[in-house]
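Okay, upload-v3.txt is below, compact mmCIF, C-alpha atoms and all ligand atoms:
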# COMPACT_ATOMS: atom_id res chain seq x y z
CA MET J 1 26.62 -33.34 -52.26
CA ILE J 2 26.87 -29.60 -51.69
CA SER J 3 23.12 -29.17 -52.06
CA PHE J 4 22.55 -32.01 -49.51
CA SER J 5 24.79 -30.23 -46.91
CA LEU J 6 23.03 -26.94 -47.53
CA GLN J 7 19.72 -28.66 -47.02
CA ARG J 8 20.96 -30.15 -43.71
CA LEU J 9 22.31 -26.78 -42.62
CA SER J 10 19.07 -25.03 -43.35
CA ILE J 11 17.11 -27.70 -41.45
CA ALA J 12 19.49 -27.21 -38.52
CA PHE J 13 18.94 -23.42 -38.66
CA LEU J 14 15.20 -23.91 -38.84
CA PHE J 15 15.36 -26.16 -35.77
CA VAL J 16 17.37 -23.59 -33.77
CA PHE J 17 15.03 -20.80 -34.89
CA VAL J 18 11.85 -22.72 -34.00
CA THR J 19 13.26 -23.88 -30.64
CA SER J 20 14.37 -20.40 -29.64
CA PHE J 21 11.02 -18.96 -30.75
CA ALA J 22 9.18 -21.57 -28.67
CA LEU J 23 11.34 -20.80 -25.63
CA ASN J 24 10.86 -17.06 -26.03
CA THR J 25 7.11 -17.34 -26.21
CA GLY J 26 6.85 -20.13 -23.62
CA ALA J 27 5.65 -19.54 -20.04
CA THR J 28 9.21 -19.70 -18.68
CA SER J 29 10.34 -16.53 -20.45
CA ILE J 30 7.32 -14.38 -19.53
CA PRO J 31 8.28 -12.53 -16.34
CA LYS J 32 6.11 -13.59 -13.41
CA THR J 33 7.44 -10.94 -11.10
CA MET J 34 8.49 -7.36 -11.56
CA PRO J 35 11.56 -6.22 -9.62
CA VAL J 36 11.05 -3.52 -7.00
CA LYS J 37 13.84 -0.99 -6.42
CA ASN J 38 12.14 2.16 -5.14
CA VAL J 39 9.57 2.09 -2.36
CA ILE J 40 7.76 4.96 -0.66
CA VAL J 41 6.24 4.25 2.75
CA ALA J 42 3.57 6.80 3.70
CA ILE J 43 2.91 6.93 7.46
CA ALA J 44 0.63 9.62 8.90
CA MET J 45 1.85 9.90 12.48
CA GLU J 46 5.38 10.35 13.77
CA ALA J 47 4.80 7.89 16.65
CA GLU J 48 3.87 5.24 14.08
CA ALA J 49 6.88 5.98 11.87
CA ALA J 50 9.66 6.52 14.45
CA PRO J 51 10.47 2.87 15.34
CA PHE J 52 10.65 1.94 11.64
CA ILE J 53 12.83 4.95 10.69
CA GLN J 54 15.18 4.03 13.54
CA HIS J 55 15.21 0.36 12.65
CA LEU J 56 16.22 1.07 9.04
CA GLN J 57 18.50 3.94 10.11
CA LEU J 58 16.91 6.21 7.53
CA LYS J 59 18.19 9.78 7.24
CA LEU J 60 16.07 12.95 7.14
CA VAL J 61 16.05 14.53 3.64
CA ALA J 62 15.61 18.20 4.56
CA ASP J 63 14.68 19.60 1.14
CA PHE J 64 12.49 16.72 -0.08
CA PHE J 65 9.16 18.57 0.27
CA PRO J 66 8.48 22.26 -0.53
CA SER J 67 9.51 24.36 2.46
CA ASN J 68 5.97 25.64 3.09
CA THR J 69 4.65 22.11 3.73
CA PRO J 70 4.89 20.40 7.13
CA PHE J 71 5.74 16.98 5.61
CA GLN J 72 8.92 15.05 6.41
CA ALA J 73 10.92 12.53 4.35
CA TYR J 74 13.50 9.98 5.50
CA GLN J 75 15.52 7.89 3.07
CA GLY J 76 18.00 5.04 3.00
CA PRO J 77 18.85 1.67 1.49
CA HIS J 78 17.23 -1.59 2.52
CA GLY J 79 18.72 -4.59 0.73
CA ASP J 80 18.60 -3.74 -2.97
CA CYS J 81 15.83 -1.19 -2.43
CA THR J 82 15.81 2.52 -1.70
CA VAL J 83 13.17 3.25 0.91
CA THR J 84 11.64 6.70 1.43
CA VAL J 85 9.39 7.15 4.45
CA ILE J 86 7.12 10.19 4.33
CA THR J 87 5.17 11.48 7.32
CA ASN J 88 2.55 14.22 7.40
CA GLY J 89 4.39 16.32 9.99
CA LYS J 90 2.84 18.52 12.66
CA ASP J 91 -0.02 21.01 12.34
CA THR J 92 1.21 24.59 12.06
CA VAL J 93 -1.85 25.99 10.24
CA HIS J 94 -4.09 25.69 13.31
CA GLU J 95 -1.07 25.94 15.61
CA THR J 96 -2.01 22.81 17.56
CA GLY J 97 1.29 20.99 16.93
CA VAL J 98 -0.45 17.59 16.63
CA ASP J 99 0.11 15.16 13.77
CA ASN J 100 -1.55 16.08 10.46
CA VAL J 101 -3.85 13.04 10.34
CA GLY J 102 -6.69 12.76 7.82
CA THR J 103 -7.18 12.77 4.07
CA VAL J 104 -6.08 16.29 3.04
CA PRO J 105 -2.43 16.14 4.19
CA ALA J 106 -2.22 12.45 3.21
CA ALA J 107 -3.24 13.02 -0.42
CA LEU J 108 -1.02 16.07 -0.77
CA ALA J 109 2.10 14.51 0.78
CA THR J 110 1.65 11.39 -1.37
CA PHE J 111 1.21 13.45 -4.53
CA LEU J 112 4.31 15.56 -3.88
CA ALA J 113 6.41 12.48 -3.04
CA LEU J 114 5.35 10.66 -6.22
CA GLN J 115 6.05 13.79 -8.25
CA LYS J 116 9.52 13.99 -6.70
CA LEU J 117 10.25 10.26 -7.17
CA PRO J 118 8.73 9.27 -10.55
CA ASP J 119 10.60 5.93 -10.52
CA THR J 120 8.65 4.66 -7.51
CA ASP J 121 7.72 0.99 -8.04
CA ILE J 122 5.23 0.74 -5.17
CA LEU J 123 3.85 2.94 -2.41
CA ILE J 124 3.01 1.36 0.94
CA ASN J 125 0.60 3.15 3.28
CA ALA J 126 1.41 1.82 6.74
CA GLY J 127 -0.41 2.84 9.88
CA THR J 128 -2.81 2.08 12.65
CA CYS J 129 -6.51 1.46 12.17
CA GLY J 130 -9.72 0.45 13.82
CA GLY J 131 -10.70 -3.16 13.15
CA PHE J 132 -14.13 -4.73 12.77
CA ARG J 133 -14.77 -7.68 15.06
CA ARG J 134 -17.41 -8.93 12.60
CA LYS J 135 -14.57 -9.33 10.06
CA GLY J 136 -12.37 -11.22 12.51
CA ALA J 137 -10.14 -8.27 13.52
CA GLU J 138 -8.34 -8.36 16.87
CA ILE J 139 -6.06 -5.76 18.50
CA GLY J 140 -2.53 -6.03 17.06
CA ASN J 141 -3.60 -7.86 13.87
CA VAL J 142 -1.90 -6.82 10.64
CA PHE J 143 -4.22 -6.33 7.65
CA VAL J 144 -3.22 -6.07 3.99
CA VAL J 145 -5.72 -3.83 2.23
CA THR J 146 -7.60 -5.30 -0.75
CA GLY J 147 -9.60 -2.15 -1.49
CA VAL J 148 -10.33 1.33 -0.18
CA ALA J 149 -13.49 3.46 0.04
CA HIS J 150 -14.74 6.54 1.89
CA HIS J 151 -17.58 6.34 4.42
CA ASP J 152 -18.07 10.08 5.09
CA ARG J 153 -18.44 11.51 1.59
CA ARG J 154 -22.20 11.38 1.24
CA ILE J 155 -23.35 13.18 -1.93
CA PRO J 156 -26.95 12.09 -2.62
CA ILE J 157 -26.98 13.09 -6.29
CA PRO J 158 -26.97 9.92 -8.43
CA ASP J 159 -23.90 10.69 -10.58
CA TYR J 160 -21.89 11.76 -7.54
CA VAL J 161 -22.61 8.74 -5.34
CA PRO J 162 -19.80 6.50 -6.67
CA TYR J 163 -17.39 9.48 -6.70
CA GLY J 164 -18.18 10.16 -3.04
CA ILE J 165 -17.64 6.54 -2.02
CA GLY J 166 -14.46 6.59 -4.10
CA LYS J 167 -13.96 2.82 -4.12
CA LEU J 168 -10.61 1.58 -5.49
CA ASP J 169 -9.57 -2.06 -5.88
CA THR J 170 -6.06 -2.24 -4.43
CA SER J 171 -5.82 -6.04 -4.52
CA ARG J 172 -4.21 -5.96 -7.95
CA HIS J 173 -2.39 -3.56 -10.23
CA GLY J 174 -2.78 -4.74 -13.82
CA ASP J 175 -1.71 -8.40 -13.67
CA PHE J 176 0.08 -8.00 -10.34
CA THR J 177 -1.39 -9.13 -7.02
CA THR J 178 0.92 -7.98 -4.24
CA ALA J 179 -1.75 -7.85 -1.52
CA GLU J 180 -2.83 -11.49 -1.66
CA VAL J 181 0.70 -12.80 -2.11
CA LEU J 182 1.89 -10.92 0.97
CA ALA J 183 -1.05 -11.93 3.14
CA LEU J 184 -0.50 -15.56 2.14
CA GLU J 185 3.27 -15.55 2.61
CA LEU J 186 3.39 -13.51 5.82
CA GLU J 187 0.10 -14.80 7.32
CA TYR J 188 -1.63 -11.44 7.56
CA LYS J 189 -5.37 -10.83 7.21
CA LEU J 190 -6.95 -9.33 4.09
CA GLY J 191 -9.76 -6.81 3.86
CA VAL J 192 -11.21 -3.50 2.70
CA CYS J 193 -10.12 -0.29 4.46
CA THR J 194 -12.81 2.35 4.88
CA THR J 195 -11.55 5.93 5.26
CA GLY J 196 -13.12 8.96 6.91
CA ASN J 197 -11.93 12.16 8.55
CA SER J 198 -13.08 11.21 12.06
CA LEU J 199 -11.53 8.90 14.64
CA ASP J 200 -14.96 8.20 16.10
CA LYS J 201 -18.07 7.35 14.10
CA THR J 202 -21.75 8.17 13.73
CA GLU J 203 -24.65 5.79 13.06
CA GLU J 204 -24.64 7.05 9.48
CA ASP J 205 -20.94 6.14 9.20
CA ASP J 206 -21.82 2.64 10.47
CA LYS J 207 -24.20 2.08 7.54
CA HIS J 208 -21.62 3.20 4.98
CA MET J 209 -18.79 1.21 6.53
CA LEU J 210 -20.98 -1.89 6.39
CA ALA J 211 -21.86 -1.14 2.75
CA ASN J 212 -18.12 -0.77 2.02
CA ASP J 213 -17.64 -4.29 3.47
CA ALA J 214 -14.89 -2.82 5.64
CA ALA J 215 -12.56 -4.95 7.73
CA VAL J 216 -10.55 -1.93 8.95
CA LYS J 217 -11.13 1.83 9.34
CA ASP J 218 -8.61 4.64 9.07
CA MET J 219 -8.29 8.32 8.13
CA GLU J 220 -5.88 8.24 5.14
CA ALA J 221 -5.82 5.09 2.95
CA ALA J 222 -8.46 6.07 0.35
CA ALA J 223 -6.85 9.50 -0.11
CA ILE J 224 -3.36 8.02 -0.54
CA ALA J 225 -4.63 5.40 -3.01
CA TRP J 226 -6.30 8.23 -4.97
CA SER J 227 -2.97 10.05 -5.41
CA CYS J 228 -1.30 6.76 -6.38
CA LYS J 229 -3.97 6.27 -9.04
CA LEU J 230 -3.11 9.66 -10.57
CA PHE J 231 0.48 8.41 -11.06
CA ASP J 232 -0.54 4.82 -11.90
CA THR J 233 1.68 3.70 -9.01
CA PRO J 234 0.79 0.42 -7.24
CA PHE J 235 -0.64 1.02 -3.74
CA LEU J 236 -0.26 -1.38 -0.84
CA GLY J 237 -2.08 -0.74 2.45
CA LEU J 238 -0.66 -2.27 5.62
CA LYS J 239 -2.72 -1.56 8.74
CA VAL J 240 -2.26 -2.61 12.36
CA VAL J 241 -5.38 -2.70 14.56
CA THR J 242 -5.28 -0.36 17.61
CA ASP J 243 -8.98 -0.47 18.47
CA ILE J 244 -12.16 -2.42 17.74
CA VAL J 245 -14.76 -0.29 15.92
CA ASP J 246 -17.71 -2.58 16.71
CA GLY J 247 -16.53 -3.31 20.27
CA GLU J 248 -17.56 -1.91 23.65
CA HIS J 249 -14.66 0.51 24.44
CA PRO J 250 -14.54 4.17 23.26
CA THR J 251 -12.22 4.36 20.22
CA GLN J 252 -9.98 7.14 21.55
CA ASP J 253 -9.26 5.32 24.87
CA GLU J 254 -8.48 2.05 23.12
CA PHE J 255 -6.44 3.82 20.42
CA LEU J 256 -4.19 5.62 22.92
CA ALA J 257 -3.77 2.49 25.07
CA ASN J 258 -2.62 0.42 22.08
CA LEU J 259 -0.77 2.97 19.91
CA LEU J 260 2.71 2.12 21.21
CA ALA J 261 2.21 -1.66 20.93
CA ALA J 262 0.71 -1.30 17.44
CA SER J 263 3.58 0.93 16.27
CA GLN J 264 6.01 -1.74 17.46
CA SER J 265 4.00 -4.40 15.67
CA LEU J 266 4.19 -2.22 12.53
CA GLN J 267 7.96 -2.03 13.03
CA VAL J 268 8.06 -5.85 12.81
CA ALA J 269 5.58 -6.10 9.92
CA LEU J 270 7.05 -3.41 7.67
CA PRO J 271 10.58 -4.83 7.35
CA ARG J 272 9.03 -8.27 6.64
CA VAL J 273 6.90 -6.77 3.87
CA LEU J 274 9.85 -4.79 2.48
CA ASP J 275 12.11 -7.87 2.58
CA HIS J 276 9.51 -9.78 0.60
CA ILE J 277 8.80 -7.05 -1.94
CA CYS J 278 12.45 -6.09 -2.47
CA HIS J 279 13.50 -9.75 -2.73
CA VAL J 280 10.64 -11.31 -4.72
CA GLY J 281 9.30 -8.22 -6.48
CA VAL J 282 5.60 -7.89 -7.22
CA VAL J 283 3.99 -11.09 -8.42
CA LYS J 284 1.73 -11.79 -11.39
CA GLU J 285 -1.64 -13.30 -10.54
CA GLN J 286 -1.22 -16.49 -12.57
CA ALA J 287 2.15 -17.16 -10.93
CA MET J 288 0.80 -17.09 -7.36
CA GLU J 289 0.19 -20.80 -6.96
CA GLU J 290 3.76 -21.54 -8.11
CA LEU J 291 5.35 -19.51 -5.30
N1 LIG W 301 -5.33 11.32 19.69
C1 LIG W 301 -4.58 10.66 18.66
C2 LIG W 301 -5.17 10.99 17.32
C3 LIG W 301 -4.82 10.04 16.26
S1 LIG W 301 -5.92 10.09 14.92
C4 LIG W 301 -3.11 11.06 18.82
O1 LIG W 301 -2.68 12.12 18.40
O2 LIG W 301 -2.35 10.27 19.38
C5 LIG W 301 -5.93 8.43 14.45
C6 LIG W 301 -4.86 7.98 13.50
O3 LIG W 301 -4.83 6.57 13.62
C7 LIG W 301 -5.16 8.26 12.04
O4 LIG W 301 -3.98 8.44 11.32
C8 LIG W 301 -5.93 7.02 11.58
O5 LIG W 301 -5.58 6.61 10.27
C9 LIG W 301 -5.56 5.93 12.58
N2 LIG W 301 -6.67 5.23 13.26
C10 LIG W 301 -6.50 4.31 14.24
N3 LIG W 301 -7.69 3.84 14.66
C11 LIG W 301 -8.65 4.46 13.94
C12 LIG W 301 -10.07 4.40 13.93
N4 LIG W 301 -10.76 3.59 14.73
N5 LIG W 301 -10.73 5.18 13.06
C13 LIG W 301 -10.07 6.01 12.24
N6 LIG W 301 -8.72 6.12 12.22
C14 LIG W 301 -8.00 5.34 13.04

Here is a file; write its structure as structure tokens.
Amino acid sequence: MISFSLQRLSIAFLFVFVTSFALNTGATSIPKTMPVKNVIVAIAMEAEAAPFIQHLQLKLVADFFPSNTPFQAYQGPHGDCTVTVITNGKDTVHETGVDNVGTVPAALATFLALQKLPDTDILINAGTCGGFRRKGAEIGNVFVVTGVAHHDRRIPIPDYVPYGIGKLDTSRHGDFTTAEVLALELEYKLGVCTTGNSLDKTEEDDKHMLANDAAVKDMEAAAIAWSCKLFDTPFLGLKVVTDIVDGEHPTQDEFLANLLAASQSLQVALPRVLDHICHVGVVKEQAMEEL
């Protein structure tokens, strides 16, 4: 009698053990999203960043960057997230006082910010860009960046060619696919961002931008993604179109005419992206269709 009960008990234990093992290894217990708590938003120009900083009521963190750099940081909560906006500040080296646009300040500011905030879950590079009509870009469109590459780093020595182009796939980070999920959920366009240190372009640039399969063109994204790669931090590019690269108007005229409107459009897009990321987290590729 005693041996019969023991047998029943052990079968019951075995059942509980097997069931709990099955549940633990089953699809339901494997996390499909990763929570996001700390976000850095890298924005090159103050005019682009100001409406967003105001909207989130972020506060200037005076000692965030080394005192000999021109960079600025603003921080505050947004839902369950802590958001840090970094801007590249104004040029003091050449004493022009304009915004420090381009790859050098962008890579350095990003590196220093990631060094200062090692718990960063994702870095968003938000800003204006030129858009390619041949890729369906229109003024005011928001693009989520699937990849970055340079179009002005021509080094015609075989081993150096891929380094110069500096292509990085930003559509996924390991198993996580934030770019596609966001574009799908928020109805933004997807495409490659080509980066160079000029606002205008040469015919040579045209060839390389085509080869990069670019949908948008900027002066920072590839440099920022490079610094993110050094820290293995997920990079998300969010670009609003101020001018059409393959259109008929000179870039600088179109850029200046649309900068204010695009910055406002960014101010609408960024909180939407943050709400999604801070609420849903970053999503695993195989879980996308279940969202
Ligand atoms: N005269 C302008 C200069 C801005 S430089 C001013 O001070 O108001 C352009 C900035 O906008 C860069 O940060 C770049 O990333 C982005 N940008 C917008 N359109 C661009 C384009 N067609 N090509 C390259 N960068 C572009």

message: Could you check the closest approach to Thr146 (chain J) for each of J:Val93, J:Ala113, J:Leu108, J:Ala215 and tell me which residue wins, using only C-alpha atoms?
response: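 Of J:Val93, J:Ala113, J:Leu108, J:Ala215, the one nearest Thr146 (chain J), counting only C-alpha atoms, is J:Ala215.
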
field: Expected answer as a VMD selection string: residues within 9 Å of ligand LIG 301 (chain W), only C-alpha atoms and all ligand atoms
entry: chain J and resid 43 to 45 47 to 48 98 to 103 127 to 131 194 to 201 216 to 221 239 to 245 251 to 256 259

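Shortest separation to Leu186 (chain J) among J:Pro271, J:Pro234, J:Pro156, J:Pro118 occurs at residue J:Pro271, atoms counted being all atoms listed in the file.
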
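For the pair CA of Ala257 (chain J) and CA of Asn125 (chain J), the interatomic distance is 22.2 Å.
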
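With distances restricted to all atoms listed in the file, J:Gly237 is the closest residue to Val273 (chain J) from J:Gly76, J:Gly247, J:Pro158, J:Gly237.
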
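Remark: for Gly147 (chain J), the closest of the candidate residues J:Leu117, J:Val181, J:Ala222, J:Ala109 is J:Ala222 (distances computed over all atoms listed in the file).
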
- request: Please indicate the distance in Å from CA of Cys81 (chain J) to CA of Phe64 (chain J), rounded to one decimal place.
  value: 18.4 Å

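Candidate residues J:Lys135, J:His151, J:His94, J:Arg172 were compared for distance to His208 (chain J), and the nearest is J:His151, using only C-alpha atoms.
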
field: 12 Å contact set for Asp232 (chain J), only C-alpha atoms, chain neighbours under 3 positions out, as number ranges by chain
entry: J: 111, 114-115, 118-123, 170, 173-174, 225-229, 235

query: Which residue, J:Thr110, J:Asn141, J:Ser171, J:Gln264, has the smallest gap to Ala223 (chain J) when you use all atoms listed in the file?
result: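 Under the stated criterion, the closest residue is J:Thr110.
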
query: Within 12 Å of (9.4, -10.3, -4.7), in the coordinates the file gives, what residues turn up when you count only C-alpha atoms, written out as a count of residues only?
result: 34

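For the atom pair formed by CA of Asp206 (chain J) and CA of Asp152 (chain J), the distance is 9.9 Å, given to one decimal.
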